[in-house]
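Participant: Take a look at this one; I'll ask things after.
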Amino acid sequence: MNIKSATYMGSFPREAICPKDGKPEYAFIGRSNVGKSSLINMLCNRKELARVSNKPGKTQALNFYLINEAWYLVDLPGYGFAKVSKKTRDSWGKMIEQYLLERKTLQCAFVLIDANIPPQKIDLEFINWLGQKGVPFVLLFTKTDRMSKLQCQRQIELFQKALLQHWETLPQHFVTSALTNLGREDILGYIANINKANE
Ligand SMILES: Nc1nc2c(ncn2[C@@H]2O[C@H](COP(=O)(O)OP(=O)(O)O)[C@@H](O)[C@H]2O)c(=O)[nH]1
Ligand SMILES: [Mg+2]
């Protein structure tokens with residue numbers, strides 16, 4: 001799929017006030033600093049469409065980007081950032097939960113997992129929650145340019161092994177790098193297929 005246009009449409013603190021034009025939507029979610037904004041920029045071929053920040057926990061609302069005038073990418077606030085107050089964390093959690101459960105146009109949640117670190121409890125718990133609630137999702141392993149192919153493969157297997165404690169079948173996954181564009185064509189192809197099925 002060619003990206004002809006990518007436009008920031010705004011940041012919305014609640015699902016209820018998000019765009020209501022019925023266009024299909026894909027959400028990016030994961031721990032702060034996992035590479036959500038970088039991956040959105042990479043997919044859209046833009047350097048600074050989504051804000052990339054070294055300060056975790058900055059994206060505090062649902063950020064909407066309209067792609068090719070036809071579908072949305074949504075940059076969700078990162079979960080599990082310890083340096084904010086519990087109250088702030090709870091309200092983020094509620095916003096994300098409400099969005100994921102109530103957003104009818106959400107086609108798929110892209111759950112980002114840093115391939116460089118061992119399986120994290122918070123990621124596994126979040127994925128299990130998505131499963132329980134029946135929210136469609138796939139996994140995107142990020143920052144794989146920082147490791148060898150073999151290391152990457154081992155890390156993914158480790159993660160899958162942890163998932164198999166709760167799941168009978170493994171969710172689909174993509175291996176990505178915002179630095180080398182790895183995974184770009186596959187993810188855009190995946191989105192294009194779903195969009196087509198929706199037409
Ligand atoms: N090497 C490498 N670094 C990355 C990649 N993606 C993100 N980063 C870095 O990780 C940090 C957090 O990225 P960001 O996109 O802001 O994460 P977010 O908080 O999930 O939106 C930044 O310093 C990025 O430059 C990647 O694919 N490879
Ligand atoms: Mg971000």
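In the structure tokens, chains take letters A, B, ... by order of appearance, with residues numbered from 1 within each chain and ligands from 1 in the order shown.
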Taking only residues of chain A that have an atom at most 7 Å from an atom of ligand 1, what is each one's shortest atom pair and its distance in Å to one decimal, using only C-alpha atoms and all ligand atoms, in chain and number order, as CSV?

Facilitator:
residue,atom,partner,partner_atom_place_in_ligand_line,distance
A:Gly30,CA,ligand 1,20 (O),6.5
A:Arg31,CA,ligand 1,20 (O),6.3
A:Ser32,CA,ligand 1,19 (O),4.2
A:Asn33,CA,ligand 1,19 (O),3.3
A:Val34,CA,ligand 1,20 (O),4.1
A:Gly35,CA,ligand 1,17 (O),3.3
A:Lys36,CA,ligand 1,20 (O),3.7
A:Ser37,CA,ligand 1,15 (O),3.8
A:Ser38,CA,ligand 1,15 (O),3.6
A:Leu39,CA,ligand 1,6 (N),6.3
A:Arg51,CA,ligand 1,16 (O),6.6
A:Val52,CA,ligand 1,16 (O),3.7
A:Ser53,CA,ligand 1,16 (O),4.1
A:Asn54,CA,ligand 1,23 (O),4.9
A:Pro56,CA,ligand 1,19 (O),5.4
A:Gly57,CA,ligand 1,19 (O),6.7
A:Gly78,CA,ligand 1,20 (O),6.3
A:Thr142,CA,ligand 1,27 (O),5.5
A:Lys143,CA,ligand 1,27 (O),3.5
A:Thr144,CA,ligand 1,27 (O),6.3
A:Asp145,CA,ligand 1,28 (N),5.7
A:Arg146,CA,ligand 1,1 (N),5.6
A:Thr176,CA,ligand 1,27 (O),6.6
A:Ser177,CA,ligand 1,27 (O),3.6
A:Ala178,CA,ligand 1,27 (O),3.6
A:Leu179,CA,ligand 1,27 (O),4.9

Participant: May I ask which of the residues A:Ile40, A:Leu130, A:Ala197, A:Leu66 is the closest one to ligand 2, counting only C-alpha atoms and all ligand atoms?

Facilitator: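 Smallest distance to ligand 2 is found for A:Ile40.
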
Participant: Between A:Lys86, A:Arg46, A:Lys94, A:Lys161, single out the one closest to Arg14 (chain A), counting only C-alpha atoms.

Facilitator: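 Of the candidates, the smallest distance to Arg14 (chain A) is held by A:Lys94.
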
Participant: Show me, as JSON, numbers by chain, the residues that have an atom within 6 Å of region 135-139 of chain A when counting only C-alpha atoms, minus same-chain residues fewer than 4 positions from it.

Facilitator: {"A": [108, 109, 110, 111, 112, 130, 171, 172, 173]}

Participant: With C-alpha atoms kept, could you save the residues just selected as a JSON list (two decimals), in the first residue's frame?

Facilitator:
[["chain", "number", "residue", "atom", "x", "y", "z"],
["A", 108, "CYS", "CA", -7.11, -4.35, 15.26],
["A", 109, "ALA", "CA", -4.91, -3.32, 18.17],
["A", 110, "PHE", "CA", -1.20, -3.48, 17.38],
["A", 111, "VAL", "CA", 0.47, -4.44, 20.65],
["A", 112, "LEU", "CA", 4.11, -3.40, 20.63],
["A", 130, "LEU", "CA", -7.39, -8.33, 25.29],
["A", 171, "PRO", "CA", -1.43, -14.53, 17.97],
["A", 172, "GLN", "CA", -0.03, -13.32, 14.66],
["A", 173, "HIS", "CA", 3.13, -11.24, 14.96]]

Participant: Which is closer to ligand 2 than all the others in A:Pro19, A:Gly183, A:Gly134, A:Pro77, using only C-alpha atoms and all ligand atoms?

Facilitator: A:Pro77

Participant: Measure the distance from CA of Phe174 (chain A) to CA of Ser11 (chain A) in Å and round it to one decimal.

Facilitator: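 The value is 26.8 Å.
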
Participant: Can you list, as a ChimeraX atom specification, every protein, DNA or RNA residue that comes within 12 Å of Lys104 (chain A) when you count only C-alpha atoms, leaving out same-chain residues fewer than 3 positions away?

Facilitator: /A:15-16,18-26,98-101,107-108,135-136

Participant: Write the residues of the selection above to a file with C-alpha atoms, as a PDB file, in the first residue's frame.

Facilitator:
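Wrote part.pdb, looks like this:
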ATOM      1  CA  GLU A  15     -13.523   7.600  23.173  1.00  0.00           C
ATOM      2  CA  ALA A  16     -16.853   9.445  23.212  1.00  0.00           C
ATOM      3  CA  CYS A  18     -13.173  10.688  18.938  1.00  0.00           C
ATOM      4  CA  PRO A  19     -13.951  11.044  15.188  1.00  0.00           C
ATOM      5  CA  LYS A  20     -17.269   9.449  14.280  1.00  0.00           C
ATOM      6  CA  ASP A  21     -17.018   9.074  10.511  1.00  0.00           C
ATOM      7  CA  GLY A  22     -16.895   5.270  10.655  1.00  0.00           C
ATOM      8  CA  LYS A  23     -13.521   4.855   8.960  1.00  0.00           C
ATOM      9  CA  PRO A  24     -11.574   1.712   9.917  1.00  0.00           C
ATOM     10  CA  GLU A  25      -9.057   2.213  12.670  1.00  0.00           C
ATOM     11  CA  TYR A  26      -5.840   0.631  13.941  1.00  0.00           C
ATOM     12  CA  GLN A  98     -12.940   2.297  27.437  1.00  0.00           C
ATOM     13  CA  TYR A  99     -11.502   3.012  23.997  1.00  0.00           C
ATOM     14  CA  LEU A 100     -10.604  -0.622  23.325  1.00  0.00           C
ATOM     15  CA  LEU A 101     -13.935  -1.968  24.536  1.00  0.00           C
ATOM     16  CA  GLN A 107     -10.203  -3.245  13.417  1.00  0.00           C
ATOM     17  CA  CYS A 108      -7.106  -4.349  15.262  1.00  0.00           C
ATOM     18  CA  VAL A 135     -10.402  -7.376  21.268  1.00  0.00           C
ATOM     19  CA  PRO A 136      -8.669  -8.310  17.980  1.00  0.00           C
TER      20      PRO A 136
END

Participant: DSSP on the backbone, alpha helix (DSSP H) only: what residues of chain A does that give? Format it as a PyMOL selection string.

Facilitator: chain A and resi 36-44+86-102+121-133+149-163+184-198

Participant: Counting only C-alpha atoms, what is within 12 Å of Lys121 (chain A), bar same-chain residues fewer than 6 positions away, as a PyMOL selection string?

Facilitator: chain A and resi 31+80+113+127-128+159+162-163

Participant: Pick from A:Glu185, A:Asp75, A:Asp114, A:Glu97: nearest to ligand 2, with only C-alpha atoms and all ligand atoms counted?

Facilitator: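 Among A:Glu185, A:Asp75, A:Asp114, A:Glu97, it is A:Asp75 that comes nearest to ligand 2.
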
Participant: Please return as a PDB file with N, CA, C and O atoms, in the first residue's frame: the residues of region 8-58 of chain A that backbone DSSP assigns to strand (DSSP E or B).

Facilitator:
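Okay, this is what ended up in selection.pdb:
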ATOM      1  N   TYR A   8      -2.403  14.593  10.939  1.00  0.00           N
ATOM      2  CA  TYR A   8      -2.762  14.584  12.359  1.00  0.00           C
ATOM      3  C   TYR A   8      -4.152  15.202  12.513  1.00  0.00           C
ATOM      4  O   TYR A   8      -4.385  16.312  12.057  1.00  0.00           O
ATOM      5  N   MET A   9      -5.079  14.456  13.135  1.00  0.00           N
ATOM      6  CA  MET A   9      -6.457  14.939  13.246  1.00  0.00           C
ATOM      7  C   MET A   9      -6.811  15.435  14.642  1.00  0.00           C
ATOM      8  O   MET A   9      -7.908  15.951  14.849  1.00  0.00           O
ATOM      9  N   GLY A  10      -5.920  15.207  15.602  1.00  0.00           N
ATOM     10  CA  GLY A  10      -6.194  15.711  16.937  1.00  0.00           C
ATOM     11  C   GLY A  10      -5.962  14.679  18.022  1.00  0.00           C
ATOM     12  O   GLY A  10      -5.772  13.494  17.734  1.00  0.00           O
ATOM     13  N   SER A  11      -5.949  15.161  19.248  1.00  0.00           N
ATOM     14  CA  SER A  11      -5.787  14.302  20.424  1.00  0.00           C
ATOM     15  C   SER A  11      -7.062  14.360  21.238  1.00  0.00           C
ATOM     16  O   SER A  11      -7.544  15.452  21.542  1.00  0.00           O
ATOM     17  N   PHE A  12      -7.601  13.199  21.573  1.00  0.00           N
ATOM     18  CA  PHE A  12      -8.895  13.145  22.245  1.00  0.00           C
ATOM     19  C   PHE A  12      -8.776  12.414  23.569  1.00  0.00           C
ATOM     20  O   PHE A  12      -8.267  11.298  23.613  1.00  0.00           O
ATOM     21  N   GLU A  25     -10.042   1.633  11.765  1.00  0.00           N
ATOM     22  CA  GLU A  25      -9.057   2.213  12.670  1.00  0.00           C
ATOM     23  C   GLU A  25      -8.119   1.155  13.221  1.00  0.00           C
ATOM     24  O   GLU A  25      -8.532   0.028  13.480  1.00  0.00           O
ATOM     25  N   TYR A  26      -6.873   1.528  13.413  1.00  0.00           N
ATOM     26  CA  TYR A  26      -5.840   0.631  13.941  1.00  0.00           C
ATOM     27  C   TYR A  26      -5.122   1.355  15.074  1.00  0.00           C
ATOM     28  O   TYR A  26      -4.641   2.478  14.881  1.00  0.00           O
ATOM     29  N   ALA A  27      -5.039   0.706  16.228  1.00  0.00           N
ATOM     30  CA  ALA A  27      -4.470   1.378  17.402  1.00  0.00           C
ATOM     31  C   ALA A  27      -3.103   0.812  17.755  1.00  0.00           C
ATOM     32  O   ALA A  27      -2.886  -0.399  17.675  1.00  0.00           O
ATOM     33  N   PHE A  28      -2.209   1.674  18.136  1.00  0.00           N
ATOM     34  CA  PHE A  28      -0.876   1.272  18.582  1.00  0.00           C
ATOM     35  C   PHE A  28      -0.788   1.392  20.081  1.00  0.00           C
ATOM     36  O   PHE A  28      -1.018   2.454  20.640  1.00  0.00           O
ATOM     37  N   ILE A  29      -0.440   0.291  20.707  1.00  0.00           N
ATOM     38  CA  ILE A  29      -0.409   0.311  22.165  1.00  0.00           C
ATOM     39  C   ILE A  29       0.761  -0.506  22.694  1.00  0.00           C
ATOM     40  O   ILE A  29       1.212  -1.460  22.068  1.00  0.00           O
ATOM     41  N   GLY A  30       1.252  -0.102  23.852  1.00  0.00           N
ATOM     42  CA  GLY A  30       2.377  -0.800  24.464  1.00  0.00           C
ATOM     43  C   GLY A  30       2.970   0.065  25.550  1.00  0.00           C
ATOM     44  O   GLY A  30       2.510   1.188  25.782  1.00  0.00           O
ATOM     45  N   ARG A  31       3.990  -0.449  26.202  1.00  0.00           N
ATOM     46  CA  ARG A  31       4.609   0.307  27.276  1.00  0.00           C
ATOM     47  C   ARG A  31       5.209   1.606  26.745  1.00  0.00           C
ATOM     48  O   ARG A  31       5.590   1.704  25.586  1.00  0.00           O
TER      49      ARG A  31
END
